[in-house]
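Below is one structure, written out as structure tokens, with a few remarks after it.
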Amino acid sequence: MSALDLTATPPRASLVRGSLPSWGPRGLTIGAAIVALGLIAATDVNAALVLVSAVVLCGVGLYAWSRAVEGARTATDRGVTFLVSSAFALAIAPLVSLLYTVVSRGFARFDYQFFTESSRNVVGAGGGASHAILGTLVITGVATLASVPIGILAAVYLQEYGHGRLKRSITFFVDVMTGIPSIVAGLFAYALFALFLGPGIRLGVIGAVALSVLMIPIVVRATEEMLKIVPNHLREASYALGVPKWRTVVKVVLPTALGGIISGVMLAIARVMGETAPLLITTGAFSSVNLNPVDGRMQNLAVFAFNQYKNPGVQREPYFDRAWAAALTLIVLVMTLSLVARLIQRRFGTETR
Amino acid sequence: MAEPTERSQEYMDSTEKLDRGATAPTKEGPDVTDSVATSVDVQTVLPHEGRESVATVAKRIEITDLNLYYGSFHAVKSVNMTIQPNKVTALIGSSGCGKSTFLRSLNRMHELVPGGRVDGAVIIDGQDIYASNVDPVAVRRQVGMVFQSPNPFPTMSIYENVVAGLLLNSRKTKKPALDEIVERSLRGANLWNEVKDRLDRPGGGLSGGQQQRLCIARATAVEPEVLLMDEPCSALDPVATLAIEDLIQQLKANYTIVIVTHNMQQASRASDVTGFFNLEQSGTPGQLVELDTTETIFSNPANKATEDYVTGRFG
Ligand SMILES: Nc1ncnc2c1ncn2[C@@H]1O[C@H](COP(=O)(O)OP(=O)(O)OP(=O)(O)O)[C@@H](O)[C@H]1O
Ligand SMILES: [Mg+2]
């Protein structure tokens with residue numbers, strides 16, 4: 001007992017501090033928003049200016065209020081939270097606006113006919129984009145089939161086997177490839193095939209090659225990053241069981257990284273699916289269904305939307321509607337792909353801790 | 001039991017492969033016969049079908065003038081020692097003196113570290129594992145390892161983890177034989193009762209101590225001849241530690257065991273022979289200072305540094 005009494009606690013700062021009312025920050029933000037919107041509605045001052053000053057004032061006000069009541073650390077916390085939330089809102093705003101525009105305008109022609117008919121012999125209203133949808137799937141599919149093995153194998157080489165100058169130069173060229181403008185990839189693929197098949201050649205497979213050039217570096221990078229975070233002790237555990245290196249890579253390293261690799265591949269697909277410029281050069285435009293990538297022109301959604309917008313008929317509306325519907329279809333396709341990727345990831349993914 | 005016999009045949013094959021172009025295996029000394037005698041009861045606890053002459057499978061390791069480097073850094077200097085078969089050899093010494101490095105050189109894991117270099121000879125049953133015609137993978141099949149931190153494969157279930165050595169090498173083994181290996185290895189690692197109802201759950205979902213025992217089961221499931229353990233109990237509670245020490249005592253009937261530990265009681269309890277590593281000062285390579293029976297090392301060591309270390313008067 002006496003020992004306990006002797007250990008006198010040193011004087012410390014109080015554990016209690018003031019705090020803002022729980023509605024405080026939210027109330028302030030909502031208040032600022034109402035005032036700003038009111039100003040915009042009532043007067044004709046520049047809307048952007050009003051919004052920006054409202055955000056800044058609200059942040060500063062929140063910080064000052066919190067600092068007065070709660071002290072410096074909590075005030076900083078609130079200030080930074082506000083900053084991060086505004087940055088998030090800023091980043092998400094264009095996305096929401098874009099989605100809204102595409103959905104609202106694309107909805108007009110997002111109908112059964114759009115998916116079942118091609119635009120063969122269509123002038124004016126009606127017709128569909130089935131040829132473009134199928135073309136997009138075929139071209140992207142061929143590109144994926146070509147780039148995924150190459151990309152993953154290259155990444156395995158770089159991460160598990162490569163060293164020295166060869167590894168460094170491959171890494172360098174992969175980085176360079178990441179920065180290639182897509183039109184250059186298209187020109188490269190076109191020039192490559194024109195060399196053998198003569199000028200003016202337009203084939204689905206040329207577009208696929210162009211897309212591969214764009215996809216490979218993305219797949220390599222994503223896979224490499226995923227292989228990098230596979231813990232080394234798993235490789236060592238496998239080696240210590242007398243498993244050769246190649247089996248370790250195939251059966252331990254790649255499965256552990258599989259979830260990440262799949263989402264990397266899906267990102268790469270999503271990235272190239274909406275490419276327009278390289279396909280404009282390589283696959284040409286075509287208004288009927290063509291499923292054969294090595295025979296004749298092939299349409300795809302991005303080029304379809306572009307052409308509908310660029311060359312409308314006398315009556316423009318049906319063409320514009322089809323362009324928007326094509327854009328909406330592309331977005332839906334990409335979103336479906338990401339969802340599928342998520343599902344696959346959940347099925348095969350592992351929590352690497 | 002056709003399967004295990006086949007597998008032990010494989011072991012004979014791989015032994016021959018390891019020994020290719022080498023002298024005949026050295027005849028075992030008298031202590032082997034000893035351990036055969038003492039291991040009879042253990043064998044009934046831990047049946048190893050298909051390994052008729054169990055004790056002769058464990059290997060003697062002779063290390064001559066072994067130097068280990070990380071790039072230009074000389075980590076371990078001229079180690080000479082003999083590791084007896086069917087004995088537990090403990091390696092003790094202060095942190096950073098090269099115990100793990102030395103241990104990893106015994107199954108050719110050291111060279112996997114970028115810049116890792118080995119100089120000298122490690123002779124297992126008459127065959128220098130660093131000879132140019134030796135396949136490091138074959139060496140690792142015979143010299144298993146348990147690591148300091150448990151590292152089950154996260155993509156595999158408990159069941160698959162135990163037989164990972166077979167699965168990863170695509171050894172065609174029938175399901176009943178696999179089941180039997182899993183049960184035997186898990187029982188051997190004192191883990192069977194805890195996991196027998198959830199063999200299909202991921203191995204990462206076990207507690208740290210259970211994971212470590214899973215890793216021991218995984219290492220023993222491929223029936224190596226030598227088992228290296230790098231601080232296998234450093235993450236375990238006293239009960240699990242004792243369980244693993246018991247397990248080590250059982251395993252030594254079949255294996256040559258080398259264990260690194262920072263726990264003096266563990267070294268004195270669990271080992272027959274103890275080696276003390278030390279470095280004169282940081283930056284200099286670590287050395288094997290003294291190697292003797294555990295009893296001698298802990299009661300009457302020849303070297304002053306050893307005495308200081310085991311009695312806690314170091315530094
Ligand atoms: N991968 C590496 N690269 C370079 N040097 C290393 C590497 N691993 C270990 N070393 C060095 O080699 C020396 C021996 O390390 P080692 O891990 O063998 O020590 P240890 O005796 O196992 O220590 P501990 O008891 O702390 O595990 C140390 O000086 C260490 O810094
Ligand atoms: Mg160590």
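Each chain in the structure tokens gets a letter, A, B and so on, in the order shown; residues start at 1 in every chain, and ligands are counted from 1 in the order they appear.
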Hey, which bits of chain B sit within 9 Å of chain A, and for each residue what's the closest pair of atoms and how far apart in Å (one decimal), counting only C-alpha atoms, rows by chain and increasing number, as a tab-separated table?
residue	atom	partner	partner_atom	distance
B:Asn107	CA	A:Ala240	CA	7.7
B:Met109	CA	A:Ala240	CA	7.5
B:Leu112	CA	A:Glu236	CA	8.6
B:Pro136	CA	A:Gly242	CA	8.3
B:Val137	CA	A:Gly242	CA	5.0
B:Ala138	CA	A:Gly242	CA	6.4
B:Val139	CA	A:Gly242	CA	7.4
B:Arg140	CA	A:Gly242	CA	4.5
B:Arg141	CA	A:Gly242	CA	4.2
B:Gln142	CA	A:Gly242	CA	7.7
B:Val143	CA	A:Ala240	CA	7.7
B:Gly144	CA	A:Ala240	CA	5.8
B:Met145	CA	A:Ala240	CA	5.7
B:Val146	CA	A:Ala237	CA	8.0
B:Phe147	CA	A:Ala237	CA	7.8
B:Ser149	CA	A:His233	CA	8.8
B:Asn151	CA	A:Leu234	CA	6.3
B:Pro152	CA	A:Leu234	CA	7.5
B:Phe153	CA	A:Leu234	CA	6.5
B:Pro154	CA	A:Thr350	CA	6.5
B:Thr155	CA	A:Thr256	CA	6.0
B:Ala164	CA	A:Leu241	CA	8.0
B:Gly165	CA	A:Leu241	CA	5.3
B:Leu166	CA	A:Leu241	CA	8.7
B:Leu168	CA	A:Lys251	CA	6.4
B:Asn169	CA	A:Val243	CA	5.9
B:Gly204	CA	A:Glu351	CA	8.8
B:Cys215	CA	A:Ala237	CA	8.8
B:Arg218	CA	A:Leu241	CA	8.3
B:Ala219	CA	A:Leu241	CA	6.7
B:Val222	CA	A:Leu241	CA	7.3
B:Pro224	CA	A:Leu241	CA	8.8
Report as number ranges by chain: the residues of segment 45-146 of chain B with a DSSP assignment of alpha helix (DSSP H), based on the backbone of this structure. B: 45, 54-57, 99-105, 136-142
Using only C-alpha atoms and all ligand atoms, which protein or nucleic acid residues are at most 9 Å from ligand 2, as a list in words?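 Using only C-alpha atoms and all ligand atoms, I find these residues within 9 Å of ligand 2: Ser95, Gly96, Cys97, Gly98, Lys99, Ser100, Thr101, Leu103, Gln148, Asp230, Glu231, Val260 and Thr261 of chain B.
For the pair atom CA of Ile158 of chain B and atom CA of Lys252 of chain B, the separation is 24.6 Å.
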What's the separation between atom 5 (N, counted along the ligand's line) of ligand 1 and atom CA of Leu288 of chain B, in Å to one decimal place? 18.1 Å
Name the residues in contact with Glu70 of chain A at a cut-off of 8 Å, using only C-alpha atoms, excluding same-chain residues fewer than 5 positions from it; report them as an mmCIF file with N, CA, C and O atoms, in the first residue's frame.
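Saved to out14.cif:
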data_model
loop_
_atom_site.group_PDB
_atom_site.id
_atom_site.type_symbol
_atom_site.label_atom_id
_atom_site.label_comp_id
_atom_site.auth_asym_id
_atom_site.auth_seq_id
_atom_site.Cartn_x
_atom_site.Cartn_y
_atom_site.Cartn_z
ATOM 1 N N ARG A 17 -11.034 18.277 -22.865
ATOM 2 C CA ARG A 17 -10.918 19.471 -23.694
ATOM 3 C C ARG A 17 -12.280 19.804 -24.268
ATOM 4 O O ARG A 17 -13.177 18.945 -24.296
ATOM 5 N N GLY A 18 -12.394 21.005 -24.740
ATOM 6 C CA GLY A 18 -13.654 21.391 -25.350
ATOM 7 C C GLY A 18 -13.829 20.715 -26.687
ATOM 8 O O GLY A 18 -12.875 20.192 -27.259
ATOM 9 N N SER A 19 -15.063 20.646 -27.167
ATOM 10 C CA SER A 19 -15.232 20.102 -28.514
ATOM 11 C C SER A 19 -16.396 20.790 -29.199
ATOM 12 O O SER A 19 -17.318 21.284 -28.541
ATOM 13 N N LEU A 20 -16.341 20.813 -30.529
ATOM 14 C CA LEU A 20 -17.424 21.413 -31.288
ATOM 15 C C LEU A 20 -18.674 20.564 -31.112
ATOM 16 O O LEU A 20 -18.586 19.362 -30.876
ATOM 17 N N ALA A 75 -7.804 21.044 -34.440
ATOM 18 C CA ALA A 75 -8.107 21.981 -35.517
ATOM 19 C C ALA A 75 -7.385 21.557 -36.789
ATOM 20 O O ALA A 75 -7.970 21.557 -37.883
#
Env of Phe110 of chain A: 9 Å cut, atoms = only C-alpha atoms, seq-sep filter 5 positions within chain, self excluded. Answer as a compact mmCIF listing (two decimals) with all heavy atoms, in the first residue's frame.
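To be explicit, this is the file written out as selection11.txt:
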# COMPACT_ATOMS: atom_id res chain seq x y z
N PHE A 115 -28.66 -2.85 -80.07
CA PHE A 115 -27.75 -3.97 -79.81
C PHE A 115 -27.90 -5.10 -80.82
O PHE A 115 -27.06 -5.98 -80.90
CB PHE A 115 -27.98 -4.53 -78.40
CG PHE A 115 -27.56 -3.56 -77.34
CD1 PHE A 115 -28.47 -2.73 -76.75
CD2 PHE A 115 -26.22 -3.48 -76.98
CE1 PHE A 115 -28.08 -1.82 -75.80
CE2 PHE A 115 -25.82 -2.57 -76.03
CZ PHE A 115 -26.75 -1.74 -75.43
N ASP A 321 -27.58 10.82 -81.38
CA ASP A 321 -28.12 9.89 -80.40
C ASP A 321 -27.34 8.58 -80.41
O ASP A 321 -27.00 8.01 -79.38
CB ASP A 321 -29.60 9.60 -80.68
CG ASP A 321 -30.48 10.77 -80.24
OD1 ASP A 321 -29.94 11.64 -79.53
OD2 ASP A 321 -31.66 10.81 -80.62
N ARG A 322 -27.05 8.09 -81.63
CA ARG A 322 -26.31 6.84 -81.73
C ARG A 322 -24.90 7.00 -81.15
O ARG A 322 -24.37 6.09 -80.50
CB ARG A 322 -26.23 6.38 -83.19
CG ARG A 322 -27.50 5.67 -83.66
CD ARG A 322 -27.24 4.88 -84.92
NE ARG A 322 -26.94 5.75 -86.06
CZ ARG A 322 -27.87 6.17 -86.92
NH1 ARG A 322 -29.12 5.79 -86.79
NH2 ARG A 322 -27.54 6.94 -87.92
N TRP A 324 -23.98 8.99 -78.71
CA TRP A 324 -24.06 8.96 -77.24
C TRP A 324 -24.34 7.56 -76.73
O TRP A 324 -23.76 7.11 -75.74
CB TRP A 324 -25.17 9.90 -76.74
CG TRP A 324 -24.76 11.35 -76.76
CD1 TRP A 324 -25.23 12.32 -77.59
CD2 TRP A 324 -23.80 11.98 -75.91
NE1 TRP A 324 -24.64 13.52 -77.33
CE2 TRP A 324 -23.76 13.35 -76.30
CE3 TRP A 324 -22.99 11.55 -74.88
CZ2 TRP A 324 -22.91 14.26 -75.69
CZ3 TRP A 324 -22.15 12.47 -74.27
CH2 TRP A 324 -22.12 13.80 -74.67
N ALA A 325 -25.23 6.85 -77.43
CA ALA A 325 -25.54 5.48 -77.00
C ALA A 325 -24.29 4.60 -77.09
O ALA A 325 -24.05 3.76 -76.22
CB ALA A 325 -26.65 4.90 -77.86
N ALA A 326 -23.48 4.82 -78.12
CA ALA A 326 -22.23 4.06 -78.25
C ALA A 326 -21.30 4.36 -77.08
O ALA A 326 -20.67 3.46 -76.51
CB ALA A 326 -21.53 4.38 -79.57
N LEU A 328 -22.19 5.35 -74.12
CA LEU A 328 -22.77 4.71 -72.93
C LEU A 328 -22.46 3.21 -72.92
O LEU A 328 -22.07 2.63 -71.90
CB LEU A 328 -24.28 4.94 -72.90
CG LEU A 328 -25.03 4.35 -71.71
CD1 LEU A 328 -24.46 4.88 -70.41
CD2 LEU A 328 -26.52 4.67 -71.81
N THR A 329 -22.57 2.58 -74.10
CA THR A 329 -22.28 1.15 -74.19
C THR A 329 -20.83 0.87 -73.79
O THR A 329 -20.55 -0.09 -73.07
CB THR A 329 -22.52 0.66 -75.63
OG1 THR A 329 -23.78 1.15 -76.08
CG2 THR A 329 -22.49 -0.84 -75.69
Who sits within 12 Å of Glu275 of chain A, only C-alpha atoms, same chain under 6 positions skipped, as a PyMOL selection string: chain A and resi 136+139-140+181-183+185-186+207-208+210-212+214-215+268-269+281-283+300-306+327+330
Atom CA of Leu251 of chain B to atom 27 (O, counted along the ligand's line) of ligand 1, distance in Å rounded to a single decimal: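 Between atom CA of Leu251 of chain B and atom 27 (O, counted along the ligand's line) of ligand 1 the gap works out to 23.5 Å.
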Tyr130 of chain B environment, 7 Å, only C-alpha atoms, sequence neighbours closer than 4 positions dropped, as a PyMOL selection string: chain B and resi 121-122+134
